[in-house]
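Chemist: Please find run-v1.txt (compact mmCIF, C-alpha atoms) on the next line:
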# COMPACT_ATOMS: atom_id res chain seq x y z
CA MET A 1 -54.58 -55.61 -103.95
CA PRO A 2 -53.45 -51.97 -103.64
CA ALA A 3 -50.19 -51.17 -105.44
CA VAL A 4 -47.53 -48.49 -104.95
CA TRP A 5 -44.64 -47.76 -107.30
CA PHE A 6 -41.37 -46.43 -105.86
CA ASP A 7 -38.62 -45.18 -108.16
CA LEU A 8 -35.16 -44.87 -106.60
CA ASP A 9 -32.89 -42.90 -108.92
CA ASN A 10 -30.12 -41.96 -106.47
CA SER A 11 -28.43 -43.64 -103.52
CA PRO A 12 -29.98 -41.52 -100.68
CA HIS A 13 -33.42 -42.73 -101.77
CA VAL A 14 -32.67 -46.31 -100.75
CA PRO A 15 -32.45 -45.86 -96.94
CA LEU A 16 -35.20 -43.23 -97.12
CA PHE A 17 -37.80 -45.48 -98.70
CA ALA A 18 -36.67 -48.84 -97.27
CA PRO A 19 -38.82 -48.53 -94.09
CA LEU A 20 -41.87 -47.45 -96.12
CA ILE A 21 -41.48 -50.30 -98.57
CA ARG A 22 -41.13 -52.86 -95.77
CA ARG A 23 -44.11 -51.41 -93.91
CA LEU A 24 -46.38 -51.38 -96.98
CA ARG A 25 -45.41 -54.91 -97.97
CA ALA A 26 -46.10 -56.10 -94.42
CA ASP A 27 -49.55 -54.52 -94.79
CA GLY A 28 -50.23 -56.56 -97.93
CA VAL A 29 -49.55 -53.82 -100.46
CA ASN A 30 -48.02 -54.73 -103.82
CA VAL A 31 -44.88 -52.59 -103.98
CA VAL A 32 -43.19 -52.15 -107.36
CA ILE A 33 -39.59 -50.89 -107.22
CA THR A 34 -37.59 -49.46 -110.10
CA ALA A 35 -34.02 -48.23 -109.66
CA ARG A 36 -31.58 -46.25 -111.77
CA ASP A 37 -28.05 -47.55 -112.18
CA HIS A 38 -26.42 -44.47 -110.69
CA SER A 39 -24.11 -43.85 -107.75
CA GLN A 40 -24.52 -46.67 -105.17
CA THR A 41 -28.29 -47.06 -105.63
CA VAL A 42 -28.28 -50.66 -106.81
CA GLU A 43 -25.51 -51.73 -104.40
CA LEU A 44 -27.42 -50.27 -101.46
CA LEU A 45 -30.63 -52.02 -102.47
CA ASP A 46 -28.78 -55.33 -102.37
CA LEU A 47 -27.00 -54.40 -99.13
CA LEU A 48 -30.34 -53.67 -97.43
CA GLY A 49 -31.90 -56.94 -98.51
CA PHE A 50 -33.90 -55.93 -101.59
CA ALA A 51 -31.99 -58.05 -104.10
CA GLY A 52 -34.38 -59.66 -106.58
CA THR A 53 -37.29 -57.36 -105.69
CA TYR A 54 -36.51 -54.41 -107.96
CA THR A 55 -35.97 -53.73 -111.66
CA MET A 56 -32.97 -51.69 -112.77
CA ILE A 57 -33.94 -49.20 -115.45
CA GLY A 58 -31.76 -46.50 -116.98
CA ARG A 59 -28.52 -44.83 -116.01
CA HIS A 60 -26.95 -41.40 -115.70
CA TYR A 61 -26.44 -39.78 -119.08
CA GLY A 62 -23.90 -37.11 -118.10
CA LYS A 63 -23.77 -33.60 -116.70
CA ARG A 64 -24.36 -31.56 -119.88
CA ARG A 65 -27.87 -30.13 -120.09
CA MET A 66 -28.66 -31.78 -123.44
CA ASP A 67 -27.46 -35.15 -122.14
CA LYS A 68 -29.66 -34.76 -119.06
CA VAL A 69 -32.71 -33.95 -121.19
CA ARG A 70 -32.06 -36.91 -123.47
CA GLY A 71 -31.58 -39.22 -120.51
CA LEU A 72 -34.76 -37.94 -118.89
CA LEU A 73 -36.85 -38.69 -121.97
CA VAL A 74 -35.23 -42.07 -122.62
CA ARG A 75 -35.68 -43.29 -119.05
CA SER A 76 -39.25 -41.98 -118.89
CA ARG A 77 -40.14 -44.07 -121.93
CA GLN A 78 -38.40 -47.09 -120.42
CA LEU A 79 -40.39 -46.70 -117.19
CA VAL A 80 -43.66 -46.43 -119.10
CA SER A 81 -42.88 -49.63 -121.00
CA HIS A 82 -41.93 -51.46 -117.81
CA ILE A 83 -45.04 -50.48 -115.86
CA ASN A 84 -47.25 -51.36 -118.82
CA SER A 85 -45.59 -54.77 -119.04
CA LEU A 86 -46.51 -55.53 -115.42
CA HIS A 87 -50.25 -55.17 -116.09
CA ALA A 88 -50.49 -53.82 -112.55
CA ASP A 89 -53.10 -51.32 -111.43
CA ILE A 90 -50.79 -48.82 -109.73
CA ASP A 91 -52.58 -46.57 -107.22
CA VAL A 92 -49.78 -44.06 -106.71
CA ALA A 93 -46.17 -43.41 -107.76
CA VAL A 94 -43.70 -42.16 -105.13
CA SER A 95 -40.18 -40.76 -105.40
CA HIS A 96 -37.80 -38.26 -103.87
CA GLY A 97 -37.18 -36.13 -106.92
CA SER A 98 -37.24 -38.61 -109.82
CA ARG A 99 -38.07 -36.48 -112.84
CA SER A 100 -38.32 -39.49 -115.16
CA MET A 101 -40.90 -41.12 -112.87
CA VAL A 102 -42.98 -37.94 -112.74
CA LEU A 103 -43.16 -37.79 -116.54
CA ALA A 104 -43.81 -41.53 -116.88
CA ALA A 105 -46.55 -41.53 -114.26
CA ARG A 106 -48.15 -38.51 -115.88
CA TRP A 107 -48.23 -40.36 -119.20
CA LEU A 108 -49.70 -43.42 -117.47
CA ARG A 109 -52.23 -41.24 -115.59
CA ILE A 110 -50.99 -42.45 -112.21
CA PRO A 111 -51.13 -40.00 -109.26
CA VAL A 112 -47.65 -38.85 -108.28
CA VAL A 113 -46.36 -38.06 -104.79
CA THR A 114 -43.00 -36.30 -105.02
CA MET A 115 -40.71 -35.42 -102.12
CA TYR A 116 -37.84 -32.96 -102.19
CA ASP A 117 -36.01 -30.95 -99.54
CA TYR A 118 -33.69 -28.69 -101.54
CA GLU A 119 -35.73 -25.93 -103.11
CA TYR A 120 -33.07 -24.61 -105.47
CA THR A 121 -32.66 -27.69 -107.63
CA GLU A 122 -34.60 -27.72 -110.91
CA THR A 123 -38.15 -28.21 -109.57
CA THR A 124 -40.31 -27.26 -112.58
CA ILE A 125 -41.23 -30.82 -113.56
CA PHE A 126 -42.03 -31.78 -109.96
CA ASN A 127 -44.13 -28.72 -109.30
CA ARG A 128 -46.05 -28.87 -112.55
CA PHE A 129 -46.76 -32.57 -113.00
CA SER A 130 -46.86 -34.02 -109.47
CA THR A 131 -50.21 -34.56 -107.80
CA LYS A 132 -48.78 -33.81 -104.36
CA VAL A 133 -45.37 -32.49 -103.28
CA LEU A 134 -44.10 -33.23 -99.76
CA VAL A 135 -41.53 -30.78 -98.37
CA PRO A 136 -40.08 -30.09 -94.90
CA ASP A 137 -41.91 -27.48 -92.86
CA LEU A 138 -38.62 -25.57 -92.51
CA ILE A 139 -38.98 -24.37 -96.11
CA PRO A 140 -41.04 -21.16 -95.90
CA ASP A 141 -44.15 -20.74 -98.01
CA SER A 142 -42.62 -17.58 -99.46
CA VAL A 143 -39.78 -19.67 -100.91
CA LEU A 144 -42.20 -22.26 -102.30
CA ASP A 145 -44.18 -19.42 -103.87
CA GLU A 146 -40.95 -18.15 -105.43
CA ILE A 147 -40.29 -21.50 -107.11
CA ALA A 148 -43.94 -21.76 -108.24
CA LEU A 149 -45.09 -24.74 -106.18
CA ASP A 150 -48.88 -24.44 -106.15
CA ARG A 151 -50.25 -24.15 -102.63
CA SER A 152 -52.92 -26.75 -103.38
CA LYS A 153 -50.21 -29.35 -104.11
CA ARG A 154 -47.85 -28.77 -101.22
CA ALA A 155 -47.92 -30.74 -97.98
CA LYS A 156 -45.39 -29.97 -95.25
CA TYR A 157 -44.03 -32.65 -92.97
CA PRO A 158 -42.48 -31.90 -89.57
CA GLY A 159 -38.75 -32.19 -89.14
CA LEU A 160 -36.30 -33.74 -91.61
CA LYS A 161 -36.80 -36.66 -93.99
CA GLU A 162 -33.74 -38.36 -92.47
CA GLU A 163 -35.71 -38.92 -89.26
CA LEU A 164 -37.83 -41.44 -91.15
CA TYR A 165 -35.06 -44.04 -91.13
CA LEU A 166 -32.61 -42.77 -88.51
CA ARG A 167 -35.12 -43.57 -85.80
CA ASN A 168 -34.32 -47.24 -86.45
CA PHE A 169 -30.56 -46.72 -86.30
CA LYS A 170 -28.64 -48.94 -83.90
CA PRO A 171 -24.83 -48.61 -83.74
CA VAL A 172 -22.83 -51.72 -84.51
CA GLU A 173 -20.40 -52.37 -81.68
CA ASN A 174 -16.76 -52.09 -82.78
CA PHE A 175 -17.80 -51.06 -86.32
CA ARG A 176 -14.82 -48.70 -86.52
CA GLU A 177 -12.29 -51.42 -85.72
CA GLN A 178 -13.96 -53.94 -88.02
CA PHE A 179 -14.19 -51.48 -90.90
CA LEU A 180 -10.57 -50.39 -90.66
CA GLY A 181 -9.53 -54.01 -90.24
CA ASP A 182 -11.15 -54.86 -93.58
CA TYR A 183 -8.78 -52.37 -95.19
CA GLY A 184 -5.72 -53.61 -93.31
CA ARG A 185 -5.76 -50.63 -90.96
CA GLY A 186 -7.18 -52.22 -87.83
CA SER A 187 -4.20 -51.24 -85.68
CA GLU A 188 -4.87 -47.56 -86.46
CA HIS A 189 -8.34 -47.34 -84.95
CA GLU A 190 -7.18 -44.80 -82.36
CA LYS A 191 -6.40 -42.27 -85.08
CA VAL A 192 -8.85 -39.51 -86.00
CA LEU A 193 -11.34 -40.92 -88.50
CA VAL A 194 -12.66 -38.46 -91.08
CA THR A 195 -15.40 -39.34 -93.56
CA LEU A 196 -15.25 -37.26 -96.74
CA ARG A 197 -18.17 -37.18 -99.20
CA PRO A 198 -17.22 -35.29 -102.39
CA PRO A 199 -19.63 -32.88 -104.10
CA ALA A 200 -22.20 -34.19 -106.59
CA THR A 201 -20.35 -33.09 -109.71
CA ASP A 202 -23.10 -34.33 -112.06
CA ALA A 203 -25.94 -32.56 -110.25
CA ASN A 204 -27.65 -29.58 -111.87
CA TYR A 205 -26.93 -27.51 -108.75
CA HIS A 206 -23.19 -28.29 -108.64
CA SER A 207 -20.81 -25.38 -108.18
CA ASP A 208 -17.16 -25.36 -109.28
CA LYS A 209 -16.46 -23.60 -105.99
CA SER A 210 -16.99 -26.94 -104.24
CA GLU A 211 -14.27 -28.55 -106.35
CA ILE A 212 -11.75 -25.88 -105.31
CA LEU A 213 -12.65 -26.44 -101.68
CA LEU A 214 -12.32 -30.21 -102.14
CA ASP A 215 -8.73 -29.77 -103.31
CA ASP A 216 -7.98 -27.60 -100.29
CA ILE A 217 -9.52 -30.24 -98.00
CA LEU A 218 -7.55 -33.09 -99.62
CA HIS A 219 -4.25 -31.23 -99.12
CA LEU A 220 -5.13 -30.39 -95.53
CA LEU A 221 -6.03 -33.98 -94.65
CA ALA A 222 -3.03 -35.36 -96.53
CA ASN A 223 -0.79 -33.27 -94.28
CA SER A 224 -2.63 -34.15 -91.09
CA HIS A 225 -0.79 -36.93 -89.28
CA ASP A 226 -2.65 -39.44 -87.11
CA VAL A 227 -5.68 -39.04 -89.40
CA ILE A 228 -7.37 -41.59 -91.63
CA THR A 229 -9.75 -40.18 -94.22
CA VAL A 230 -12.41 -42.39 -95.76
CA VAL A 231 -13.54 -41.03 -99.11
CA VAL A 232 -17.09 -42.03 -100.05
CA PRO A 233 -17.24 -41.31 -103.80
CA ARG A 234 -20.52 -40.98 -105.65
CA THR A 235 -19.40 -42.81 -108.79
CA HIS A 236 -16.51 -44.99 -109.93
CA ALA A 237 -15.35 -42.16 -112.20
CA GLN A 238 -15.24 -39.77 -109.26
CA ALA A 239 -13.31 -42.35 -107.20
CA ALA A 240 -10.69 -42.63 -109.95
CA ALA A 241 -10.41 -38.84 -110.28
CA ILE A 242 -9.91 -38.38 -106.54
CA ALA A 243 -7.35 -41.20 -106.44
CA THR A 244 -5.38 -39.32 -109.09
CA ARG A 245 -5.58 -36.08 -107.12
CA ILE A 246 -4.38 -37.82 -103.97
CA ALA A 247 -1.53 -39.51 -105.86
CA ASN A 248 -0.24 -36.07 -106.81
CA ILE A 249 0.16 -35.16 -103.14
CA ALA A 250 3.44 -36.46 -101.71
CA ASP A 251 3.08 -39.37 -99.25
CA ALA A 252 -0.69 -38.88 -99.04
CA GLY A 253 -1.91 -42.31 -100.07
CA GLU A 254 -1.36 -43.98 -96.71
CA ARG A 255 -3.73 -41.54 -95.03
CA PHE A 256 -6.71 -42.20 -97.32
CA ILE A 257 -9.14 -45.04 -97.95
CA ILE A 258 -11.22 -44.63 -101.12
CA LEU A 259 -14.26 -46.89 -100.99
CA ASP A 260 -14.84 -49.05 -104.06
CA SER A 261 -18.15 -50.55 -102.94
CA ALA A 262 -21.18 -49.54 -100.91
CA VAL A 263 -20.99 -49.64 -97.11
CA ASP A 264 -23.46 -48.80 -94.39
CA ALA A 265 -22.96 -45.04 -94.50
CA LEU A 266 -24.87 -44.47 -91.26
CA GLN A 267 -22.57 -46.77 -89.30
CA LEU A 268 -19.53 -45.18 -90.94
CA ALA A 269 -20.72 -41.64 -90.14
CA TYR A 270 -21.47 -42.53 -86.52
CA ALA A 271 -18.07 -44.20 -86.14
CA SER A 272 -16.30 -41.12 -87.53
CA ASP A 273 -14.89 -38.23 -85.56
CA LEU A 274 -16.08 -35.72 -88.12
CA LEU A 275 -17.72 -35.63 -91.53
CA ILE A 276 -16.91 -33.29 -94.43
CA SER A 277 -19.35 -33.34 -97.32
CA GLY A 278 -20.39 -31.46 -100.41
CA GLY A 279 -23.93 -32.82 -100.27
CA GLY A 280 -27.00 -32.54 -98.09
CA THR A 281 -28.42 -35.88 -96.98
CA MET A 282 -25.23 -37.30 -95.47
CA ASN A 283 -24.62 -33.99 -93.67
CA ARG A 284 -28.03 -34.08 -92.02
CA GLU A 285 -27.70 -37.77 -91.13
CA ALA A 286 -24.39 -37.18 -89.36
CA ALA A 287 -25.61 -34.01 -87.65
CA ILE A 288 -28.67 -35.82 -86.27
CA LEU A 289 -26.38 -38.58 -84.99
CA GLY A 290 -24.25 -36.03 -83.14
CA VAL A 291 -21.22 -36.08 -85.45
CA PRO A 292 -19.44 -32.75 -86.14
CA VAL A 293 -20.31 -31.82 -89.73
CA TYR A 294 -18.53 -29.47 -92.14
CA SER A 295 -20.13 -28.62 -95.47
CA ILE A 296 -18.24 -27.64 -98.63
CA PHE A 297 -21.44 -27.28 -100.65
CA GLY A 298 -20.91 -24.29 -102.93
CA GLY A 299 -24.40 -23.90 -104.39
CA ARG A 300 -27.20 -21.64 -103.22
CA GLN A 301 -27.91 -22.38 -99.58
CA GLY A 302 -31.27 -24.01 -98.98
CA SER A 303 -33.59 -23.44 -96.05
CA LEU A 304 -32.59 -26.64 -94.23
CA ASP A 305 -28.87 -25.87 -94.41
CA ARG A 306 -29.47 -22.29 -93.31
CA GLU A 307 -31.40 -23.45 -90.24
CA MET A 308 -28.87 -26.15 -89.32
CA GLU A 309 -26.02 -23.67 -89.66
CA ARG A 310 -27.92 -21.22 -87.44
CA GLU A 311 -28.37 -23.96 -84.82
CA GLY A 312 -24.65 -24.83 -84.96
CA LYS A 313 -25.30 -28.35 -86.28
CA ILE A 314 -23.39 -27.80 -89.54
CA THR A 315 -20.34 -25.60 -90.10
CA PHE A 316 -19.93 -24.23 -93.62
CA ILE A 317 -16.48 -24.03 -95.21
CA ARG A 318 -16.93 -21.38 -97.89
CA ASP A 319 -13.30 -20.66 -98.82
CA ALA A 320 -9.74 -21.49 -97.77
CA ARG A 321 -9.91 -19.01 -94.90
CA ASP A 322 -12.59 -21.17 -93.25
CA LEU A 323 -10.33 -24.23 -93.06
CA SER A 324 -9.27 -23.06 -89.61
CA LYS A 325 -12.81 -23.93 -88.45
CA LEU A 326 -12.11 -27.64 -88.93
CA ALA A 327 -11.60 -29.39 -85.60
CA ILE A 328 -9.72 -32.52 -86.69
CA GLU A 329 -9.74 -34.42 -83.42
CA ARG A 330 -11.28 -37.41 -81.68
CA ARG A 331 -14.81 -36.77 -80.50
CA SER A 332 -16.62 -38.00 -77.43
CA LYS A 333 -19.33 -40.29 -78.73
CA GLU A 334 -22.87 -39.88 -77.51
CA ALA A 335 -25.77 -42.30 -77.83
CA PRO A 336 -27.91 -41.78 -80.95
CA PRO A 337 -30.98 -39.60 -80.34
CA ILE A 338 -34.40 -41.10 -79.79
CA LEU A 339 -36.55 -40.04 -82.72
CA THR A 340 -40.30 -40.35 -83.24
CA ASP A 341 -42.10 -41.81 -86.24
CA ARG A 342 -43.67 -38.46 -87.15
CA VAL A 343 -42.17 -38.27 -90.66
CA GLU A 344 -42.95 -41.91 -91.47
CA LYS A 345 -46.56 -41.50 -90.36
CA PHE A 346 -46.95 -38.32 -92.38
CA VAL A 347 -45.61 -39.82 -95.60
CA LEU A 348 -47.57 -43.06 -95.23
CA THR A 349 -50.76 -41.09 -94.65
CA GLU A 350 -50.18 -39.11 -97.85
CA ILE A 351 -49.52 -42.31 -99.82
CA ARG A 352 -52.59 -44.08 -98.45
CA GLU A 353 -54.83 -41.22 -99.57
CA TYR A 354 -54.47 -42.58 -103.09
CA MET A 355 -54.94 -46.24 -102.12
CA ASP A 356 -58.37 -46.05 -100.52
CA VAL A 357 -57.02 -47.92 -97.49
CA SER A 358 -56.27 -46.78 -93.97
CA ASP A 359 -53.37 -47.68 -91.73
CA PRO A 360 -54.02 -51.26 -90.50
CA GLN A 361 -52.82 -50.21 -87.04
CA ASP A 362 -55.62 -47.66 -86.91
CA ARG A 363 -58.14 -50.48 -87.32
CA VAL A 364 -56.91 -52.51 -84.36
Go through the file and emit its structure as structure tokens.

Modeler:
Amino acid sequence: MPAVWFDLDNSPHVPLFAPLIRRLRADGVNVVITARDHSQTVELLDLLGFAGTYTMIGRHYGKRRMDKVRGLLVRSRQLVSHINSLHADIDVAVSHGSRSMVLAARWLRIPVVTMYDYEYTETTIFNRFSTKVLVPDLIPDSVLDEIALDRSKRAKYPGLKEELYLRNFKPVENFREQFLGDYGRGSEHEKVLVTLRPPATDANYHSDKSEILLDDILHLLANSHDVITVVVPRTHAQAAAIATRIANIADAGERFIILDSAVDALQLAYASDLLISGGGTMNREAAILGVPVYSIFGGRQGSLDREMEREGKITFIRDARDLSKLAIERRSKEAPPILTDRVEKFVLTEIREYMDVSDPQDRV
């Protein structure tokens, strides 16, 4: 039986790989899943029905460079031990930027397919040790040359990775009312609903500039009446820190909901009137779904963000002067777009190259 190993080391990887995992398992492929205990990764796996089918290995070791290096080496060794214990003949290892998997798979002599879509993160390990690297076609070859991704390793997929799973998105009727009702705010569903995703403070590309902007945003929203802001923190520590910041703003608490467990972020984004985020994936998800998106990402702008800003799909808030760009108002909701399976087909084709099997649908 062919076998594929997926490593999910951050929460956005769960919805991304869920359709691929389901498809491969339906095709009779043995899919091994490992997950890092970081952000909402494990909670989302359970929420999407994968409870009992994955093994949790490792955690986040902190934001200091030495801590990151130590954590990388520790988790890589843990992954090697786990895969060896399975006595499984893995055909290919797949991740969206899991450095520990890349090193572990290299040690185990397993071909590695790596995906990433932000070219200015630390890509050295991916570019050097991956067998194949899948990137969006919006990233120019000149940029990939600059970051030393060998042309023989790169494969460009059309569009955005978020299309892979958003094409299956179906809005839940009355999600907004039900969600607010769960937090005792059901009677306020006519207010403007803002979803706020703080910056990834532990990421190697984090900029302190984003933190300054986050404070400006919190004060603005705290003083905006008829607005409910749902904060989607990345970690429990970040949730506590933001709760403290909000508590220091007079009478602000009643206008914020800070999530303490994973929710369906796609449904929440679609139900919102606007989304403000310091990240990338959630911005693109909301933009594709037709939600007004404002980015407070303070790092070096990647090719995808540059293109989406040019197309007017994402508005960047770069300093306090840009706060006037925020349109905090109810939006007219449109039906989700109809997306093709072009990204899913591309990624599955790349994976199957290492499995010596073709797509079963091609054999019908």

Chemist: Check the smallest atom-to-atom distance from each of A:Leu275, A:Ala262, A:Leu20, A:Leu166 to Ile217 of chain A using all atoms listed in the file, then report the winner.

Modeler: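 Of the candidates, the smallest distance to Ile217 of chain A is held by A:Leu275.
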
Chemist: From the list A:Arg23, A:Arg342, A:Arg176, A:Arg352, which residue is nearest Val92 of chain A when using all atoms listed in the file?

Modeler: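 Ranked by minimum distance to Val92 of chain A, first place goes to A:Arg352.
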
Chemist: Would you mind listing what lies within 12 Å of Pro140 of chain A as a list in words, with only C-alpha atoms counted and same-chain residues fewer than 4 positions away left out?

Modeler: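 Counting only C-alpha atoms, the residues come to Asp117, Tyr118, Glu119, Val135, Pro136, Leu144, Asp145, Glu146, Ile147, Leu149, Arg151, Arg154, Ala155, Lys156, Gly302, Ser303, Leu304, Arg306 and Glu307 of chain A.
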
Chemist: Could you work out how far atom CA of Thr34 of chain A lies from atom CA of Arg99 of chain A, giving the answer in Å with one decimal?

Modeler: 13.3 Å

Chemist: Which one of A:Asn248, A:Asn30, A:Asn127, A:Thr41 sits closest to Asp91 of chain A if you count all atoms listed in the file?

Modeler: A:Asn30

Chemist: Could you build a table of the residues in segment 218-253 of chain A lying no more than 10 Å from segment 316-330 of chain A, giving for each the nearest pair of atoms and their separation in Å rounded to one decimal place, using only C-alpha atoms, ordered by chain and ascending residue number, as CSV?

Modeler:
residue,atom,partner,partner_atom,distance
A:Leu220,CA,A:Leu323,CA,8.4
A:Leu221,CA,A:Ile328,CA,8.9
A:Ser224,CA,A:Ile328,CA,8.5
A:Asp226,CA,A:Glu329,CA,9.4
A:Val227,CA,A:Ile328,CA,8.1

Chemist: Nearest residue to Val112 of chain A out of A:Ile242, A:Arg77, A:Arg36, A:Lys153, using all atoms listed in the file?

Modeler: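 Among the listed residues, A:Lys153 lies closest to Val112 of chain A.
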
Chemist: Which distance in Å separates atom CA of Leu72 of chain A and atom CA of Ser100 of chain A, to one decimal?

Modeler: 5.4 Å

Chemist: Could you give me, as a short mmCIF file (atom, residue, chain, number, x, y, z; two decimals) with C-alpha atoms, in the coordinates of the input, the residues within 12 Å of Val74 of chain A, counting all atoms listed in the file and dropping anything in the same chain fewer than 2 positions from it?

Modeler:
data_model
loop_
_atom_site.label_atom_id
_atom_site.label_comp_id
_atom_site.auth_asym_id
_atom_site.auth_seq_id
_atom_site.Cartn_x
_atom_site.Cartn_y
_atom_site.Cartn_z
CA ILE A 57 -33.94 -49.20 -115.45
CA GLY A 58 -31.76 -46.50 -116.98
CA ARG A 59 -28.52 -44.83 -116.01
CA HIS A 60 -26.95 -41.40 -115.70
CA TYR A 61 -26.44 -39.78 -119.08
CA ASP A 67 -27.46 -35.15 -122.14
CA LYS A 68 -29.66 -34.76 -119.06
CA VAL A 69 -32.71 -33.95 -121.19
CA ARG A 70 -32.06 -36.91 -123.47
CA GLY A 71 -31.58 -39.22 -120.51
CA LEU A 72 -34.76 -37.94 -118.89
CA SER A 76 -39.25 -41.98 -118.89
CA ARG A 77 -40.14 -44.07 -121.93
CA GLN A 78 -38.40 -47.09 -120.42
CA LEU A 79 -40.39 -46.70 -117.19
CA VAL A 80 -43.66 -46.43 -119.10
CA SER A 81 -42.88 -49.63 -121.00
CA ARG A 99 -38.07 -36.48 -112.84
CA SER A 100 -38.32 -39.49 -115.16
CA MET A 101 -40.90 -41.12 -112.87
CA LEU A 103 -43.16 -37.79 -116.54
CA ALA A 104 -43.81 -41.53 -116.88
#

Chemist: Could you give me segment 285-298 of chain A completed to N, CA, C and O atoms, formatted as a tab-separated table (two decimals), in the coordinates of the input?

Modeler:
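Output file result-v5.tsv is given in full below:
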chain	number	residue	atom	x	y	z
A	285	GLU	N	-27.76	-36.50	-91.86
A	285	GLU	CA	-27.70	-37.77	-91.13
A	285	GLU	C	-26.68	-37.69	-90.01
A	285	GLU	O	-26.97	-38.02	-88.85
A	286	ALA	N	-25.47	-37.25	-90.36
A	286	ALA	CA	-24.39	-37.18	-89.36
A	286	ALA	C	-24.72	-36.18	-88.27
A	286	ALA	O	-24.48	-36.44	-87.08
A	287	ALA	N	-25.28	-35.03	-88.65
A	287	ALA	CA	-25.61	-34.01	-87.65
A	287	ALA	C	-26.64	-34.53	-86.67
A	287	ALA	O	-26.53	-34.31	-85.46
A	288	ILE	N	-27.64	-35.24	-87.16
A	288	ILE	CA	-28.67	-35.82	-86.27
A	288	ILE	C	-28.04	-36.83	-85.32
A	288	ILE	O	-28.42	-36.93	-84.15
A	289	LEU	N	-27.04	-37.57	-85.81
A	289	LEU	CA	-26.38	-38.58	-84.99
A	289	LEU	C	-25.34	-37.99	-84.04
A	289	LEU	O	-24.71	-38.72	-83.28
A	290	GLY	N	-25.17	-36.68	-84.07
A	290	GLY	CA	-24.25	-36.03	-83.14
A	290	GLY	C	-22.82	-35.93	-83.61
A	290	GLY	O	-21.92	-35.64	-82.80
A	291	VAL	N	-22.58	-36.16	-84.89
A	291	VAL	CA	-21.22	-36.08	-85.45
A	291	VAL	C	-20.95	-34.65	-85.91
A	291	VAL	O	-21.81	-34.04	-86.56
A	292	PRO	N	-19.78	-34.07	-85.60
A	292	PRO	CA	-19.44	-32.75	-86.14
A	292	PRO	C	-19.44	-32.79	-87.67
A	292	PRO	O	-18.82	-33.66	-88.27
A	293	VAL	N	-20.13	-31.83	-88.28
A	293	VAL	CA	-20.31	-31.82	-89.73
A	293	VAL	C	-19.80	-30.51	-90.32
A	293	VAL	O	-20.12	-29.42	-89.81
A	294	TYR	N	-19.05	-30.63	-91.41
A	294	TYR	CA	-18.53	-29.47	-92.14
A	294	TYR	C	-18.97	-29.60	-93.60
A	294	TYR	O	-18.72	-30.63	-94.24
A	295	SER	N	-19.62	-28.57	-94.10
A	295	SER	CA	-20.13	-28.62	-95.47
A	295	SER	C	-19.27	-27.80	-96.41
A	295	SER	O	-18.90	-26.65	-96.10
A	296	ILE	N	-18.95	-28.38	-97.58
A	296	ILE	CA	-18.24	-27.64	-98.63
A	296	ILE	C	-19.16	-27.46	-99.84
A	296	ILE	O	-18.70	-27.27	-100.96
A	297	PHE	N	-20.47	-27.52	-99.59
A	297	PHE	CA	-21.44	-27.28	-100.65
A	297	PHE	C	-21.34	-25.83	-101.11
A	297	PHE	O	-21.45	-24.91	-100.30
A	298	GLY	N	-21.13	-25.63	-102.42
A	298	GLY	CA	-20.91	-24.29	-102.93
A	298	GLY	C	-22.10	-23.69	-103.64
A	298	GLY	O	-22.02	-22.55	-104.13
